[in-house]
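Okay, work_31.cif now, which holds mmCIF, C-alpha atoms:
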```cif
data_final
loop_
_atom_site.label_atom_id
_atom_site.label_comp_id
_atom_site.auth_asym_id
_atom_site.auth_seq_id
_atom_site.Cartn_x
_atom_site.Cartn_y
_atom_site.Cartn_z
CA MET A 1 -67.71 111.44 2.90
CA ALA A 2 -66.33 112.54 6.26
CA PRO A 3 -64.51 109.85 8.26
CA ILE A 4 -66.64 107.66 10.53
CA LEU A 5 -64.90 107.95 13.90
CA GLU A 6 -67.65 107.43 16.48
CA ILE A 7 -71.18 106.07 16.81
CA GLU A 8 -72.61 109.59 16.54
CA ASP A 9 -71.19 109.81 12.99
CA LEU A 10 -73.16 106.71 12.01
CA LYS A 11 -76.30 108.13 13.63
CA LYS A 12 -76.06 111.38 11.66
CA LEU A 13 -75.57 109.50 8.40
CA ALA A 14 -78.47 107.13 9.12
CA ARG A 15 -80.76 110.09 9.84
CA ARG A 16 -80.09 111.33 6.30
CA ARG A 17 -80.46 107.96 4.58
CA VAL A 18 -83.37 106.20 6.33
CA PRO A 19 -87.02 107.27 5.93
CA LYS A 20 -88.02 109.34 8.95
CA MET A 21 -90.69 106.95 10.27
CA PHE A 22 -88.18 104.08 10.47
CA PHE A 23 -85.29 106.14 11.82
CA ASP A 24 -87.58 107.58 14.50
CA TYR A 25 -88.80 104.09 15.39
CA ALA A 26 -85.23 103.12 16.25
CA ASP A 27 -84.36 106.43 17.89
CA SER A 28 -87.32 106.95 20.20
CA GLY A 29 -88.40 106.32 23.77
CA SER A 30 -91.78 106.40 25.46
CA TRP A 31 -93.55 109.60 26.56
CA THR A 32 -90.95 112.26 27.51
CA GLU A 33 -88.02 109.96 26.64
CA SER A 34 -86.44 110.77 30.02
CA THR A 35 -85.40 107.16 30.64
CA TYR A 36 -84.08 106.80 27.10
CA GLN A 37 -81.89 109.86 27.72
CA ALA A 38 -80.87 108.73 31.22
CA ASN A 39 -79.60 105.43 29.79
CA GLU A 40 -76.94 107.41 27.92
CA ASP A 41 -76.35 110.26 30.33
CA ASP A 42 -75.73 108.16 33.44
CA PHE A 43 -72.65 106.55 31.93
CA ALA A 44 -70.99 109.98 32.12
CA ASP A 45 -71.35 109.95 35.91
CA ILE A 46 -68.94 107.00 36.11
CA LYS A 47 -65.33 108.19 36.20
CA LEU A 48 -62.39 106.01 35.22
CA ARG A 49 -59.25 105.51 37.29
CA GLN A 50 -56.18 106.30 35.19
CA ARG A 51 -53.00 104.30 35.88
CA VAL A 52 -49.57 104.96 34.35
CA ALA A 53 -46.23 103.21 33.84
CA VAL A 54 -47.98 99.86 33.47
CA ASP A 55 -47.04 97.30 30.79
CA MET A 56 -49.78 97.61 28.15
CA THR A 57 -48.59 94.95 25.70
CA ASN A 58 -50.46 91.78 24.71
CA ARG A 59 -53.92 93.06 25.58
CA THR A 60 -57.02 90.90 25.12
CA LEU A 61 -60.73 91.68 25.13
CA SER A 62 -61.74 88.03 24.68
CA THR A 63 -63.99 86.44 27.28
CA ARG A 64 -67.15 84.28 27.53
CA MET A 65 -70.88 84.97 27.63
CA ILE A 66 -73.08 82.09 28.89
CA GLY A 67 -70.25 79.69 28.13
CA GLN A 68 -69.69 80.96 24.60
CA ASP A 69 -66.33 82.38 23.52
CA VAL A 70 -66.63 86.01 22.37
CA SER A 71 -64.02 88.38 20.96
CA MET A 72 -65.24 91.02 23.42
CA PRO A 73 -68.16 91.06 25.91
CA VAL A 74 -70.68 92.51 23.46
CA ALA A 75 -73.77 91.11 21.75
CA LEU A 76 -76.12 92.67 19.22
CA ALA A 77 -79.41 93.26 21.02
CA PRO A 78 -82.76 92.07 19.65
CA THR A 79 -84.38 94.94 17.75
CA GLY A 80 -87.69 94.93 15.90
CA LEU A 81 -88.01 96.19 12.32
CA CYS A 82 -84.25 95.90 11.83
CA GLY A 83 -84.84 95.02 8.18
CA MET A 84 -86.53 98.39 7.69
CA GLN A 85 -83.34 100.29 8.54
CA ARG A 86 -81.67 98.55 5.60
CA ALA A 87 -82.97 95.76 3.38
CA ASP A 88 -82.18 92.33 4.85
CA GLY A 89 -80.82 94.14 7.91
CA GLU A 90 -80.99 91.18 10.28
CA ILE A 91 -79.00 89.02 7.87
CA LEU A 92 -76.35 91.70 7.36
CA ALA A 93 -75.99 92.32 11.09
CA ALA A 94 -75.82 88.59 11.87
CA GLN A 95 -73.09 88.11 9.28
CA SER A 96 -71.09 91.00 10.70
CA ALA A 97 -71.43 89.71 14.27
CA GLU A 98 -70.37 86.24 13.15
CA ALA A 99 -67.28 87.60 11.43
CA PHE A 100 -66.40 89.64 14.51
CA GLY A 101 -66.95 86.75 16.93
CA VAL A 102 -69.83 88.07 19.05
CA PRO A 103 -73.47 86.95 19.42
CA PHE A 104 -76.31 88.26 17.28
CA THR A 105 -79.83 88.17 18.77
CA LEU A 106 -82.77 87.94 16.36
CA SER A 107 -86.02 89.56 17.47
CA THR A 108 -89.41 87.88 17.27
CA MET A 109 -90.52 91.07 15.47
CA SER A 110 -87.79 90.89 12.85
CA ILE A 111 -88.27 91.40 9.12
CA CYS A 112 -85.99 88.48 8.22
CA SER A 113 -87.15 85.18 9.70
CA ILE A 114 -85.29 82.69 11.86
CA GLU A 115 -84.88 80.52 8.78
CA ASP A 116 -83.69 83.45 6.63
CA VAL A 117 -80.87 84.25 9.06
CA ALA A 118 -79.92 80.59 9.57
CA GLU A 119 -79.67 80.11 5.81
CA LYS A 120 -77.29 83.06 5.41
CA THR A 121 -75.00 82.40 8.41
CA THR A 122 -72.74 79.52 9.39
CA LYS A 123 -72.66 79.76 13.20
CA PRO A 124 -75.45 79.67 15.81
CA PHE A 125 -77.14 82.92 16.76
CA TRP A 126 -79.49 83.75 19.65
CA PHE A 127 -83.25 84.18 19.40
CA GLN A 128 -85.38 86.63 21.39
CA LEU A 129 -88.91 85.58 22.34
CA TYR A 130 -91.99 87.56 23.33
CA VAL A 131 -94.70 85.82 25.35
CA LEU A 132 -97.84 86.16 23.25
CA ARG A 133 -101.46 85.12 23.82
CA ASP A 134 -101.20 82.41 21.14
CA LYS A 135 -99.20 79.85 23.13
CA GLU A 136 -99.24 77.38 20.25
CA PHE A 137 -97.45 79.96 18.11
CA VAL A 138 -94.98 80.68 20.94
CA GLY A 139 -94.21 76.97 21.20
CA ASP A 140 -93.72 76.79 17.43
CA LEU A 141 -91.31 79.76 17.55
CA ILE A 142 -89.24 77.97 20.20
CA ASP A 143 -89.20 74.80 18.10
CA ARG A 144 -88.19 76.74 14.99
CA ALA A 145 -85.34 78.39 16.90
CA LYS A 146 -84.13 74.97 18.05
CA ALA A 147 -84.40 73.57 14.52
CA ALA A 148 -82.33 76.50 13.21
CA GLY A 149 -79.60 75.73 15.73
CA CYS A 150 -80.01 78.86 17.87
CA SER A 151 -77.70 78.52 20.86
CA ALA A 152 -79.56 80.68 23.42
CA LEU A 153 -83.08 81.96 24.00
CA VAL A 154 -83.56 85.54 25.21
CA LEU A 155 -86.99 85.91 26.85
CA THR A 156 -88.20 89.52 27.07
CA LEU A 157 -90.34 90.15 30.16
CA ASP A 158 -91.07 93.90 30.00
CA LEU A 159 -93.48 94.13 27.06
CA GLN A 160 -96.79 92.85 28.40
CA ILE A 161 -98.34 96.06 27.14
CA LEU A 162 -96.85 98.54 24.71
CA GLY A 163 -95.40 101.79 26.05
CA GLN A 164 -96.66 104.90 24.25
CA ARG A 165 -94.04 106.22 21.85
CA HIS A 166 -95.03 109.66 20.64
CA LYS A 167 -92.76 109.72 17.60
CA ASP A 168 -94.35 106.56 16.20
CA LEU A 169 -97.85 107.96 16.76
CA ARG A 170 -97.00 111.28 15.13
CA ASN A 171 -95.39 109.48 12.19
CA GLY A 172 -98.40 107.21 11.77
CA LEU A 173 -96.17 104.12 11.97
CA SER A 174 -98.11 100.86 11.90
CA ALA A 175 -97.52 97.16 11.33
CA PRO A 176 -97.51 96.78 8.41
CA PRO A 177 -96.66 100.39 7.48
CA LYS A 178 -99.33 102.42 5.72
CA PHE A 179 -98.06 104.20 2.64
CA THR A 180 -99.57 107.67 2.90
CA PRO A 181 -98.32 110.54 0.73
CA LYS A 182 -96.09 111.62 3.66
CA HIS A 183 -94.52 108.16 3.92
CA ILE A 184 -94.08 107.87 0.16
CA TRP A 185 -92.27 111.23 0.17
CA GLN A 186 -89.97 110.06 3.00
CA MET A 187 -89.04 106.96 1.01
CA ALA A 188 -88.64 108.86 -2.25
CA THR A 189 -86.10 111.15 -0.58
CA SER A 190 -84.12 108.13 0.67
CA PRO A 191 -82.83 106.75 -2.66
CA ILE A 192 -80.20 104.37 -1.23
CA TRP A 193 -82.80 102.86 1.09
CA CYS A 194 -85.30 102.49 -1.76
CA ALA A 195 -82.77 100.87 -4.08
CA LYS A 196 -81.85 98.25 -1.49
CA MET A 197 -85.48 97.55 -0.53
CA ALA A 198 -86.38 97.03 -4.18
CA GLN A 199 -83.87 94.19 -4.33
CA THR A 200 -85.31 92.11 -1.48
CA LYS A 201 -88.47 90.08 -0.94
CA ARG A 202 -88.22 90.50 2.85
CA ARG A 203 -90.52 93.41 3.75
CA THR A 204 -92.81 92.06 6.47
CA PHE A 205 -92.62 90.21 9.79
CA ARG A 206 -91.50 86.90 8.36
CA ASN A 207 -91.43 85.12 11.72
CA ILE A 208 -95.18 85.70 11.88
CA VAL A 209 -96.76 85.89 8.41
CA GLY A 210 -97.48 82.38 7.18
CA HIS A 211 -96.73 80.90 10.62
CA ALA A 212 -99.26 82.37 13.06
CA LYS A 213 -102.82 81.13 12.84
CA GLY A 214 -104.95 83.47 10.76
CA VAL A 215 -102.01 85.57 9.51
CA ALA A 216 -101.48 84.68 5.89
CA ASP A 217 -100.70 88.13 4.51
CA LEU A 218 -100.10 91.78 5.39
CA SER A 219 -103.78 92.61 5.62
CA SER A 220 -104.29 90.25 8.57
CA LEU A 221 -101.03 91.12 10.36
CA SER A 222 -102.04 94.46 11.89
CA SER A 223 -105.01 93.19 13.90
CA TRP A 224 -103.06 90.12 15.04
CA THR A 225 -100.10 92.07 16.42
CA ALA A 226 -102.38 94.56 18.21
CA GLU A 227 -103.98 91.73 20.18
CA GLN A 228 -101.07 89.43 20.90
CA PHE A 229 -98.94 90.89 23.71
CA ASP A 230 -99.99 89.01 26.84
CA PRO A 231 -100.78 91.09 29.97
CA GLN A 232 -101.12 87.84 31.96
CA LEU A 233 -97.43 86.97 31.59
CA SER A 234 -96.13 85.47 34.85
CA TRP A 235 -93.15 83.60 36.23
CA ASN A 236 -95.06 80.39 35.48
CA ASP A 237 -94.62 81.17 31.78
CA VAL A 238 -90.86 81.36 32.35
CA ALA A 239 -90.86 77.83 33.77
CA TRP A 240 -92.87 76.50 30.83
CA ILE A 241 -90.62 78.21 28.27
CA LYS A 242 -87.46 77.01 30.00
CA GLU A 243 -88.69 73.42 29.84
CA ARG A 244 -89.83 73.71 26.20
CA TRP A 245 -86.54 75.33 25.14
CA GLY A 246 -84.15 73.09 27.07
CA GLY A 247 -81.06 75.24 26.42
CA PRO A 248 -79.41 78.37 27.82
CA LEU A 249 -82.10 80.87 28.86
CA ILE A 250 -81.51 84.62 29.29
CA LEU A 251 -84.20 86.83 30.87
CA LYS A 252 -84.34 90.39 29.53
CA GLY A 253 -85.99 93.37 31.19
CA ILE A 254 -84.75 93.00 34.77
CA LEU A 255 -84.52 96.38 36.53
CA ASP A 256 -85.13 95.47 40.17
CA LYS A 257 -83.09 93.30 42.53
CA ALA A 258 -86.19 91.35 43.65
CA ASP A 259 -86.83 90.36 40.02
CA ALA A 260 -83.16 89.47 39.63
CA ILE A 261 -83.40 87.13 42.61
CA LYS A 262 -86.62 85.65 41.18
CA SER A 263 -84.82 85.03 37.88
CA LEU A 264 -82.14 83.16 39.76
CA GLU A 265 -84.77 81.03 41.48
CA CYS A 266 -86.38 80.26 38.10
CA GLY A 267 -83.15 78.69 36.87
CA ALA A 268 -82.25 81.27 34.23
CA ASP A 269 -78.67 81.16 33.00
CA ALA A 270 -78.35 84.94 32.72
CA ILE A 271 -80.32 88.15 33.09
CA ILE A 272 -80.16 91.38 31.13
CA VAL A 273 -80.51 94.55 33.17
CA SER A 274 -82.68 96.57 30.81
CA ASN A 275 -85.56 99.03 30.58
CA HIS A 276 -86.26 98.23 26.92
CA GLY A 277 -84.10 101.11 25.78
CA GLY A 278 -86.39 103.59 27.54
CA ARG A 279 -89.27 102.51 25.31
CA GLN A 280 -91.59 101.18 28.02
CA LEU A 281 -91.73 102.74 31.54
CA ASP A 282 -90.69 106.35 31.13
CA GLY A 283 -89.35 107.63 34.44
CA ALA A 284 -87.69 104.34 35.33
CA SER A 285 -84.05 104.26 36.40
CA SER A 286 -81.35 103.90 33.79
CA ALA A 287 -80.00 100.41 33.18
CA ILE A 288 -76.47 101.34 34.26
CA GLY A 289 -77.89 103.06 37.35
CA MET A 290 -79.50 99.82 38.53
CA LEU A 291 -76.62 97.51 37.56
CA PRO A 292 -74.55 97.82 40.81
CA GLU A 293 -77.53 97.11 43.05
CA ILE A 294 -78.54 94.06 41.05
CA ILE A 295 -74.96 92.77 40.90
CA ASP A 296 -74.70 93.12 44.68
CA ALA A 297 -78.00 91.25 45.14
CA VAL A 298 -77.17 88.16 43.07
CA GLY A 299 -73.37 88.09 43.19
CA ASP A 300 -71.90 85.42 40.94
CA LYS A 301 -74.89 83.09 41.29
CA ILE A 302 -76.20 84.13 37.87
CA GLU A 303 -74.55 85.84 34.90
CA VAL A 304 -75.58 89.50 34.67
CA HIS A 305 -75.59 91.39 31.36
CA ILE A 306 -76.73 94.95 30.56
CA ASP A 307 -78.57 96.61 27.68
CA GLY A 308 -79.33 100.29 27.27
CA GLY A 309 -77.41 103.49 26.58
CA ILE A 310 -74.12 101.99 25.39
CA ARG A 311 -72.68 104.30 22.75
CA SER A 312 -68.92 103.76 23.08
CA GLY A 313 -66.22 101.32 24.04
CA GLN A 314 -65.78 103.33 27.24
CA ASP A 315 -69.41 102.60 28.16
CA ILE A 316 -68.75 98.89 27.64
CA LEU A 317 -65.70 99.05 29.90
CA LYS A 318 -67.60 100.91 32.63
CA ALA A 319 -70.36 98.26 32.63
CA ILE A 320 -67.81 95.45 32.85
CA CYS A 321 -66.01 97.23 35.71
CA LEU A 322 -69.32 97.36 37.61
CA GLY A 323 -69.67 93.60 37.27
CA ALA A 324 -71.55 92.91 34.05
CA LYS A 325 -70.35 89.84 32.16
CA GLY A 326 -71.79 91.03 28.87
CA THR A 327 -73.18 94.14 27.19
CA TYR A 328 -75.66 94.66 24.34
CA VAL A 329 -75.78 97.31 21.64
CA GLY A 330 -79.04 97.97 19.81
CA ARG A 331 -79.36 101.50 18.47
CA PRO A 332 -75.67 101.77 17.50
CA TYR A 333 -75.94 98.88 15.09
CA LEU A 334 -79.28 100.14 13.74
CA TYR A 335 -77.62 103.48 13.01
CA ALA A 336 -74.77 101.58 11.37
CA LEU A 337 -77.12 99.56 9.18
CA GLY A 338 -79.08 102.60 8.11
CA ALA A 339 -75.91 104.52 7.36
CA MET A 340 -73.86 101.95 5.46
CA GLY A 341 -75.41 98.48 5.60
CA ARG A 342 -73.06 95.59 6.41
CA GLU A 343 -70.05 97.89 6.03
CA GLY A 344 -71.54 100.16 8.68
CA VAL A 345 -71.94 97.35 11.22
CA ASP A 346 -68.38 96.24 10.58
CA ARG A 347 -67.23 99.81 11.18
CA MET A 348 -69.29 100.04 14.37
CA PHE A 349 -67.55 96.96 15.76
CA GLU A 350 -64.16 98.43 14.88
CA ILE A 351 -65.01 101.69 16.65
CA LEU A 352 -66.24 99.97 19.81
CA ARG A 353 -63.28 97.60 19.93
CA ASN A 354 -60.75 100.39 19.45
CA GLU A 355 -62.33 102.60 22.12
CA PHE A 356 -62.63 99.68 24.54
CA ASP A 357 -59.06 98.49 23.97
CA ILE A 358 -57.39 101.90 24.29
CA THR A 359 -59.43 102.83 27.36
CA MET A 360 -58.57 99.55 29.05
CA ALA A 361 -54.88 100.14 28.39
CA LEU A 362 -54.98 103.65 29.83
CA CYS A 363 -56.66 102.24 32.93
CA GLY A 364 -53.59 100.03 33.35
CA GLU A 365 -55.20 96.70 32.39
CA ARG A 366 -54.32 94.12 29.75
CA ASP A 367 -57.10 91.53 30.22
CA VAL A 368 -60.80 92.29 30.19
CA THR A 369 -61.44 89.58 32.78
CA ASN A 370 -59.40 91.57 35.32
CA LEU A 371 -61.63 94.65 35.16
CA ASP A 372 -63.59 95.48 38.31
CA ARG A 373 -64.66 98.45 40.43
CA SER A 374 -61.03 99.14 41.35
CA ASN A 375 -60.67 100.55 37.83
CA LEU A 376 -63.24 103.24 38.58
CA TYR A 377 -62.59 106.50 40.42
CA SER A 378 -66.19 107.36 41.21
CA VAL A 379 -69.68 106.05 40.46
CA PHE A 380 -72.66 108.42 40.26
CA GLY A 381 -70.79 111.09 42.24
CA GLU A 382 -69.58 108.79 45.01
CA LYS A 383 -65.80 108.50 45.19
CA LEU A 384 -64.52 104.93 45.50
CA GLN A 385 -61.88 104.04 48.05
CA HIS A 386 -58.76 102.23 46.82
CA ASP A 387 -55.90 100.63 48.70
CA GLY A 388 -53.29 101.39 46.05
#
```
The structure given in the file should be rewritten as structure tokens.
Amino acid sequence: MAPILEIEDLKKLARRRVPKMFFDYADSGSWTESTYQANEDDFADIKLRQRVAVDMTNRTLSTRMIGQDVSMPVALAPTGLCGMQRADGEILAAQSAEAFGVPFTLSTMSICSIEDVAEKTTKPFWFQLYVLRDKEFVGDLIDRAKAAGCSALVLTLDLQILGQRHKDLRNGLSAPPKFTPKHIWQMATSPIWCAKMAQTKRRTFRNIVGHAKGVADLSSLSSWTAEQFDPQLSWNDVAWIKERWGGPLILKGILDKADAIKSLECGADAIIVSNHGGRQLDGASSAIGMLPEIIDAVGDKIEVHIDGGIRSGQDILKAICLGAKGTYVGRPYLYALGAMGREGVDRMFEILRNEFDITMALCGERDVTNLDRSNLYSVFGEKLQHDG
């Protein structure tokens, strides 16, 4: 096998090893996918400031995210159907993140349950929550996350209705998946995937089945999920969830400075600048494109993180230079899982750390906490002015 040197290598390998309907689920945006593409492309419009003849020894990427020590300012983003990229995917990713010293965020729509991940890990992870119509179930999810020792709650605000994703519709992807001849052929031509899936009992949404009212098996899951996203979600729900949770609260899906200020007023501990990976409002600005404006609006009054388009350690560094205190990777670790399982996620972390560390050194910095806009030459075509 060719050496795995960058995230794109993992993506290519995952495309060959994961059934098409599941790979496309991870690698798709809504409608024209313009926002999905902009999330990646806009990082290229940020140019780094090279410095030379600077002592580069004793470098450190270690910092803190919402008061938690991290080996570098990166967390694994919440991603649905992770356990369909590789059997027990959420468990494998959580174990890798724990070993590397960064947060793992479990999605409400995960294949492995909160309890599954807690049983197979030794340190707290984060839990991502959707606001659903069944508020009793939402409250139970929060209580289960607390009982499992989750150390932060990530509340997603940008999925009141589902954005139209053409790849999923063309593939006939459903929850639970329907096994048509086309789907059976896709799985049959993915022997590694099939072998791993045959060895696990975790093949459905285990946070939901057996927990939500009226959802006892796969046959009742499809109609339940189609009805549950709540179009009436409001800031009042944030207040209720914050009180019920009682711990660190991160609001995900902020893409406007007015919403960032509202998040601050609601008492959130952090916000994630995000457009849901380009999977909701196609035509929206990229996450990195909105980060400077949001940072300028809230200053240091609330911790600002970013999710969307990060494909390298250089992208991480650019986001930190613009003021983010943390970054999230979603698709890169899904590619890694699909390509090589736990080994792939470990390799992804190594790639990102190496790229981040070397880039920081060549920018003349030794400590990630010292990075700021002075390390950038230009942002989105506008040259930055520097004293030195």
Need the axis-aligned box for stretch 186-198 of chain A with 3 Å each side, so what are the centre and edges in Å to one decimal, as lines of an AutoDock Vina configuration file?
```
center_x = -85.1
center_y = 104.1
center_z = -0.6
size_x = 15.8
size_y = 20.1
size_z = 13.2
```
**Item:** Two-atom distance - atom CA of A:Val138, atom CA of A:Ile250 (Å)
**Value:** 16.3 Å
**Asked** Which residue gives the smallest distance to A:Cys112 among A:Ser223, A:Ser28, A:Asn207, A:Gln164, with all atoms listed in the file counted?
**Response**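 That would be A:Asn207, the residue with the smallest distance to A:Cys112.
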**Message:** Which residues would end up in the selection if the PyMOL selection byres ((chain A and resi 295) around 10) were applied here, given that I need the answer as a ChimeraX atom specification?
**Reply:** /A:257,260,273,290-294,296-305,322-324
**Message:** List the spatial neighbours of A:Asp143 as a list in words - criterion: any atom at most 10 Å away, all atoms listed in the file, same-chain residues fewer than 6 positions off excluded.
**Reply:**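 Using all atoms listed in the file, the neighbours found are Phe137, Gly149, Arg244 and Trp245 of chain A.
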Residues matched by the PyMOL selection byres ((chain A and resi 101-109) around 9) as an mmCIF file with C-alpha atoms, in the frame of the given file:
```cif
data_model
loop_
_atom_site.group_PDB
_atom_site.id
_atom_site.type_symbol
_atom_site.label_atom_id
_atom_site.label_comp_id
_atom_site.auth_asym_id
_atom_site.auth_seq_id
_atom_site.Cartn_x
_atom_site.Cartn_y
_atom_site.Cartn_z
ATOM 1 C CA MET A 65 -70.880 84.970 27.630
ATOM 2 C CA GLN A 68 -69.690 80.960 24.600
ATOM 3 C CA ASP A 69 -66.330 82.380 23.520
ATOM 4 C CA VAL A 70 -66.630 86.010 22.370
ATOM 5 C CA SER A 71 -64.020 88.380 20.960
ATOM 6 C CA MET A 72 -65.240 91.020 23.420
ATOM 7 C CA PRO A 73 -68.160 91.060 25.910
ATOM 8 C CA VAL A 74 -70.680 92.510 23.460
ATOM 9 C CA ALA A 75 -73.770 91.110 21.750
ATOM 10 C CA LEU A 76 -76.120 92.670 19.220
ATOM 11 C CA ALA A 77 -79.410 93.260 21.020
ATOM 12 C CA PRO A 78 -82.760 92.070 19.650
ATOM 13 C CA THR A 79 -84.380 94.940 17.750
ATOM 14 C CA GLY A 80 -87.690 94.930 15.900
ATOM 15 C CA LEU A 81 -88.010 96.190 12.320
ATOM 16 C CA CYS A 82 -84.250 95.900 11.830
ATOM 17 C CA GLU A 90 -80.990 91.180 10.280
ATOM 18 C CA ALA A 93 -75.990 92.320 11.090
ATOM 19 C CA ALA A 94 -75.820 88.590 11.870
ATOM 20 C CA GLN A 95 -73.090 88.110 9.280
ATOM 21 C CA SER A 96 -71.090 91.000 10.700
ATOM 22 C CA ALA A 97 -71.430 89.710 14.270
ATOM 23 C CA GLU A 98 -70.370 86.240 13.150
ATOM 24 C CA ALA A 99 -67.280 87.600 11.430
ATOM 25 C CA PHE A 100 -66.400 89.640 14.510
ATOM 26 C CA SER A 110 -87.790 90.890 12.850
ATOM 27 C CA ILE A 111 -88.270 91.400 9.120
ATOM 28 C CA CYS A 112 -85.990 88.480 8.220
ATOM 29 C CA SER A 113 -87.150 85.180 9.700
ATOM 30 C CA ILE A 114 -85.290 82.690 11.860
ATOM 31 C CA VAL A 117 -80.870 84.250 9.060
ATOM 32 C CA PRO A 124 -75.450 79.670 15.810
ATOM 33 C CA PHE A 125 -77.140 82.920 16.760
ATOM 34 C CA TRP A 126 -79.490 83.750 19.650
ATOM 35 C CA PHE A 127 -83.250 84.180 19.400
ATOM 36 C CA GLN A 128 -85.380 86.630 21.390
ATOM 37 C CA LEU A 129 -88.910 85.580 22.340
ATOM 38 C CA TYR A 130 -91.990 87.560 23.330
ATOM 39 C CA LEU A 141 -91.310 79.760 17.550
ATOM 40 C CA ALA A 152 -79.560 80.680 23.420
ATOM 41 C CA LEU A 153 -83.080 81.960 24.000
ATOM 42 C CA VAL A 154 -83.560 85.540 25.210
ATOM 43 C CA PHE A 205 -92.620 90.210 9.790
ATOM 44 C CA ARG A 206 -91.500 86.900 8.360
ATOM 45 C CA ASN A 207 -91.430 85.120 11.720
ATOM 46 C CA ILE A 208 -95.180 85.700 11.880
#
```
**Request:** Would you list the contacts of A:Asn58 as JSON, numbers by chain, taking every protein, DNA or RNA residue within 9 Å and counting all atoms listed in the file, but skipping same-chain residues closer than 2 positions in sequence?
**Result:** {"A": [55, 56, 60, 366, 367]}
Fewer than 3 positions away in the same chain doesn't count, so skip those; otherwise give me all residues within 12 Å of A:Ile358, counting only C-alpha atoms, as an mmCIF file with C-alpha atoms, in the coordinates of the input.
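Wrote out-v6.cif, looks like this:
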```cif
data_model
loop_
_atom_site.group_PDB
_atom_site.id
_atom_site.type_symbol
_atom_site.label_atom_id
_atom_site.label_comp_id
_atom_site.auth_asym_id
_atom_site.auth_seq_id
_atom_site.Cartn_x
_atom_site.Cartn_y
_atom_site.Cartn_z
ATOM 1 C CA GLN A 50 -56.180 106.300 35.190
ATOM 2 C CA MET A 56 -49.780 97.610 28.150
ATOM 3 C CA THR A 57 -48.590 94.950 25.700
ATOM 4 C CA ARG A 59 -53.920 93.060 25.580
ATOM 5 C CA THR A 60 -57.020 90.900 25.120
ATOM 6 C CA LEU A 61 -60.730 91.680 25.130
ATOM 7 C CA SER A 312 -68.920 103.760 23.080
ATOM 8 C CA GLY A 313 -66.220 101.320 24.040
ATOM 9 C CA GLN A 314 -65.780 103.330 27.240
ATOM 10 C CA LEU A 317 -65.700 99.050 29.900
ATOM 11 C CA ILE A 351 -65.010 101.690 16.650
ATOM 12 C CA LEU A 352 -66.240 99.970 19.810
ATOM 13 C CA ARG A 353 -63.280 97.600 19.930
ATOM 14 C CA ASN A 354 -60.750 100.390 19.450
ATOM 15 C CA GLU A 355 -62.330 102.600 22.120
ATOM 16 C CA ALA A 361 -54.880 100.140 28.390
ATOM 17 C CA LEU A 362 -54.980 103.650 29.830
ATOM 18 C CA CYS A 363 -56.660 102.240 32.930
ATOM 19 C CA GLY A 364 -53.590 100.030 33.350
ATOM 20 C CA GLU A 365 -55.200 96.700 32.390
ATOM 21 C CA ARG A 366 -54.320 94.120 29.750
ATOM 22 C CA ASP A 367 -57.100 91.530 30.220
ATOM 23 C CA VAL A 368 -60.800 92.290 30.190
#
```
**Two-atom distance - atom CA of A:Asn236, atom CA of A:Asp259 (Å)** =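 Going from atom CA of A:Asn236 over to atom CA of A:Asp259 covers 13.7 Å.
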**Message:** Could you tell me how far atom CA of A:Lys11 sits from atom CA of A:Met197, in Å to one decimal place?
**Reply:** 19.9 Å
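Residues within 7 Å of stretch 378-384 of chain A, counting all atoms listed in the file and excluding same-chain residues fewer than 3 positions away, are Asp45, Ile46 and Lys47 of chain A.
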Take the residues that were just selected and, keeping C-alpha atoms, output them as a PDB file, in the frame of the given file.
```pdb
ATOM      1  CA  ASP A  45     -71.350 109.950  35.910  1.00  0.00           C
ATOM      2  CA  ILE A  46     -68.940 107.000  36.110  1.00  0.00           C
ATOM      3  CA  LYS A  47     -65.330 108.190  36.200  1.00  0.00           C
TER       4      LYS A  47
END
```
Explicit residue set for the PyMOL selection byres ((chain A and resi 265) around 12), as a PDB file with C-alpha atoms, in the frame of the given file:
```pdb
ATOM      1  CA  TRP A 235     -93.150  83.600  36.230  1.00  0.00           C
ATOM      2  CA  ASN A 236     -95.060  80.390  35.480  1.00  0.00           C
ATOM      3  CA  VAL A 238     -90.860  81.360  32.350  1.00  0.00           C
ATOM      4  CA  ALA A 239     -90.860  77.830  33.770  1.00  0.00           C
ATOM      5  CA  ALA A 258     -86.190  91.350  43.650  1.00  0.00           C
ATOM      6  CA  ASP A 259     -86.830  90.360  40.020  1.00  0.00           C
ATOM      7  CA  ALA A 260     -83.160  89.470  39.630  1.00  0.00           C
ATOM      8  CA  ILE A 261     -83.400  87.130  42.610  1.00  0.00           C
ATOM      9  CA  LYS A 262     -86.620  85.650  41.180  1.00  0.00           C
ATOM     10  CA  SER A 263     -84.820  85.030  37.880  1.00  0.00           C
ATOM     11  CA  LEU A 264     -82.140  83.160  39.760  1.00  0.00           C
ATOM     12  CA  CYS A 266     -86.380  80.260  38.100  1.00  0.00           C
ATOM     13  CA  GLY A 267     -83.150  78.690  36.870  1.00  0.00           C
ATOM     14  CA  ALA A 268     -82.250  81.270  34.230  1.00  0.00           C
ATOM     15  CA  ASP A 269     -78.670  81.160  33.000  1.00  0.00           C
ATOM     16  CA  ALA A 270     -78.350  84.940  32.720  1.00  0.00           C
ATOM     17  CA  ILE A 271     -80.320  88.150  33.090  1.00  0.00           C
ATOM     18  CA  VAL A 298     -77.170  88.160  43.070  1.00  0.00           C
ATOM     19  CA  LYS A 301     -74.890  83.090  41.290  1.00  0.00           C
ATOM     20  CA  ILE A 302     -76.200  84.130  37.870  1.00  0.00           C
TER      21      ILE A 302
END
```
